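Working notes, structure below.
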Amino acid sequence: MPVFTRSCLLPATVEELFLFHENPHNLRHISPPGMHILEIRAGEVAKPGAEFTLVVRQGLLTLRWTGRWATVDSPHLLTDTGVRCPFALWRHSHIFEPHPQGAFLTDRVEFRLPWLLGGPAGDLACRLIIFPRMFASRHAATRDWFARRMA
């Protein structure tokens, strides 16, 4: 199964990062340029088994994504899985680790695209091109969010 992992050091505590990421409404603050969140249906606190739905538009494509919180281990781990999404398999872990200068955020995504959307070639494109850009943008936006809050 393909796995993508990206980490960054952020100017926040693990508790602050956990609280920020457990609220799907905060995706509006860190979505990559060109990705417009049209709707978020979710609670503000992650609970194991709770579902959330996002409606996202990128270019001419509008996508409805329903996920479920699989693991909520405050303040160290949040894992969401895809219930109805473009992936045949989606498991995204947000891992928060303390650091003397803030906290490390690691995004670990286990995924598989259906054959219709590219199968193994699509998996490779996600791992080498799409996810690195998307998560670099999200991490930079998260860093900026917390830097503005500290100022």
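Letters A, B, ... mark the chains of the structure tokens in the order given; residue numbers begin at 1 per chain; ligand numbers begin at 1, in order shown.
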Please, which residues of chain A, numbered as in this document, come out strand (DSSP E) from DSSP, as a ChimeraX atom specification? /A:3-10,35-41,51-58,61-73,77-84,89-99,102-112
Find the spatial neighbours of region 73-77 of chain A, counting only C-alpha atoms, within a cut-off of 6 Å - ignore same-chain residues fewer than 5 positions away - and output them as a PDB file with N, CA and C atoms, in the first residue's frame.
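Printed below is around-v3.pdb as written:
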```pdb
ATOM      1  N   GLU A  15      -0.518  20.433  22.127  1.00  0.00           N
ATOM      2  CA  GLU A  15      -1.921  20.650  22.494  1.00  0.00           C
ATOM      3  C   GLU A  15      -2.595  21.634  21.542  1.00  0.00           C
ATOM      4  N   PHE A  18      -3.057  19.911  18.137  1.00  0.00           N
ATOM      5  CA  PHE A  18      -4.131  18.931  18.205  1.00  0.00           C
ATOM      6  C   PHE A  18      -5.492  19.629  18.123  1.00  0.00           C
ATOM      7  N   HIS A  94      -2.452  12.346  11.733  1.00  0.00           N
ATOM      8  CA  HIS A  94      -1.813  13.602  12.119  1.00  0.00           C
ATOM      9  C   HIS A  94      -1.101  13.276  13.430  1.00  0.00           C
ATOM     10  N   ILE A  95       0.223  13.323  13.414  1.00  0.00           N
ATOM     11  CA  ILE A  95       1.012  12.936  14.578  1.00  0.00           C
ATOM     12  C   ILE A  95       1.686  14.194  15.126  1.00  0.00           C
ATOM     13  N   PHE A  96       1.527  14.435  16.435  1.00  0.00           N
ATOM     14  CA  PHE A  96       2.053  15.640  17.070  1.00  0.00           C
ATOM     15  C   PHE A  96       3.082  15.238  18.125  1.00  0.00           C
TER      16      PHE A  96
END
```
What lies within 12 Å of Met134 (chain A) using only C-alpha atoms, ignoring chain neighbours under 2 positions off, as a list in words? Phe4, Thr5, Arg6, Ile30, Ser31, Pro32, Pro33, Gly34, Met35, Asp107, Cys126, Arg127, Leu128, Ile129, Ile130, Phe131, Pro132, Ala136, Ser137, Arg138, His139, Ala140 and Ala141 of chain A
Name all residues at most 10 Å from Pro114 (chain A) (count only C-alpha atoms; drop same-chain ones fewer than 6 positions away) and give them as a ChimeraX atom specification. /A:86-89,120,122-123
For the helix (DSSP H, G or I) assignment from backbone DSSP, which residues of chain A qualify? Please present them as number ranges by chain. A: 14-21, 24-30, 115-117, 119-150
Those same residues, written as a short mmCIF file (atom, residue, chain, number, x, y, z; two decimals), in the first residue's frame with C-alpha atoms?
```
data_model
loop_
_atom_site.label_atom_id
_atom_site.label_comp_id
_atom_site.auth_asym_id
_atom_site.auth_seq_id
_atom_site.Cartn_x
_atom_site.Cartn_y
_atom_site.Cartn_z
CA VAL A 14 1.27 19.68 20.66
CA GLU A 15 -1.92 20.65 22.49
CA GLU A 16 -2.46 23.71 20.27
CA LEU A 17 -1.80 21.70 17.10
CA PHE A 18 -4.13 18.93 18.21
CA LEU A 19 -6.97 21.38 18.95
CA PHE A 20 -6.45 23.10 15.59
CA HIS A 21 -6.41 19.89 13.54
CA PRO A 24 -12.30 20.25 10.25
CA HIS A 25 -13.54 23.85 9.97
CA ASN A 26 -9.88 24.93 10.21
CA LEU A 27 -9.23 23.37 6.80
CA ARG A 28 -10.46 26.70 5.42
CA HIS A 29 -7.31 28.30 6.85
CA ILE A 30 -4.79 25.82 5.42
CA TRP A 115 -8.08 1.73 -11.09
CA LEU A 116 -10.50 4.15 -12.71
CA LEU A 117 -8.46 7.09 -11.34
CA GLY A 119 -4.37 2.77 -10.12
CA PRO A 120 -0.64 2.30 -9.40
CA ALA A 121 0.42 5.11 -11.77
CA GLY A 122 -1.99 7.48 -9.99
CA ASP A 123 -0.69 6.28 -6.61
CA LEU A 124 2.85 7.16 -7.73
CA ALA A 125 1.76 10.60 -8.97
CA CYS A 126 0.05 11.26 -5.63
CA ARG A 127 3.11 10.21 -3.62
CA LEU A 128 5.69 12.06 -5.74
CA ILE A 129 3.86 15.15 -7.04
CA ILE A 130 0.38 15.87 -5.68
CA PHE A 131 0.79 15.14 -1.96
CA PRO A 132 4.21 16.82 -1.60
CA ARG A 133 2.77 20.05 -3.04
CA MET A 134 -0.47 19.83 -1.08
CA PHE A 135 1.12 19.06 2.29
CA ALA A 136 3.97 21.58 1.81
CA SER A 137 1.28 24.21 1.24
CA ARG A 138 -0.77 23.04 4.24
CA HIS A 139 2.27 22.99 6.52
CA ALA A 140 3.33 26.48 5.41
CA ALA A 141 -0.21 27.79 5.99
CA THR A 142 -0.32 26.11 9.42
CA ARG A 143 3.06 27.65 10.30
CA ASP A 144 1.78 31.08 9.19
CA TRP A 145 -1.46 30.63 11.18
CA PHE A 146 0.41 29.94 14.41
CA ALA A 147 3.08 32.57 13.74
CA ARG A 148 0.32 35.23 13.34
CA ARG A 149 -1.33 34.07 16.57
CA MET A 150 2.00 34.34 18.44
#
```
Distance query Val55 (chain A) at most 8 Å, only C-alpha atoms, self and fewer than 2 positions along chain excluded, as a list in words: Ile37, Leu38, Glu39, Ile40, Thr53, Arg57, Thr62, Leu63, Arg64 and Trp65 of chain A
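Taking only C-alpha atoms into account, Leu60 (chain A) lies nearest to A:His36 out of the set A:His36, A:Val45, A:His92, A:Thr106.
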If you count only C-alpha atoms, the residue of A:Arg84, A:Ala42, A:Leu9, A:Pro2 closest to Leu105 (chain A) turns out to be A:Leu9
Excluding same-chain residues fewer than 5 positions from region 66-69 of chain A, what lies within 6 Å of it counting only C-alpha atoms, as number ranges by chain? A: 48-53, 79-84
Requested write-out: C-alpha atoms of the selected residues, as a PDB file, in the first residue's frame:
```pdb
ATOM      1  CA  PRO A  48     -13.922   8.425  17.389  1.00  0.00           C
ATOM      2  CA  GLY A  49     -16.527   7.225  14.890  1.00  0.00           C
ATOM      3  CA  ALA A  50     -17.839  10.744  14.135  1.00  0.00           C
ATOM      4  CA  GLU A  51     -18.128  11.615  10.451  1.00  0.00           C
ATOM      5  CA  PHE A  52     -17.471  14.881   8.657  1.00  0.00           C
ATOM      6  CA  THR A  53     -18.259  15.962   5.108  1.00  0.00           C
ATOM      7  CA  THR A  79      -6.483   9.627  12.349  1.00  0.00           C
ATOM      8  CA  ASP A  80      -9.232  10.068   9.787  1.00  0.00           C
ATOM      9  CA  THR A  81     -10.338   7.561   7.194  1.00  0.00           C
ATOM     10  CA  GLY A  82     -12.186   8.060   3.920  1.00  0.00           C
ATOM     11  CA  VAL A  83     -15.764   6.836   3.954  1.00  0.00           C
ATOM     12  CA  ARG A  84     -16.857   8.311   0.617  1.00  0.00           C
TER      13      ARG A  84
END
```
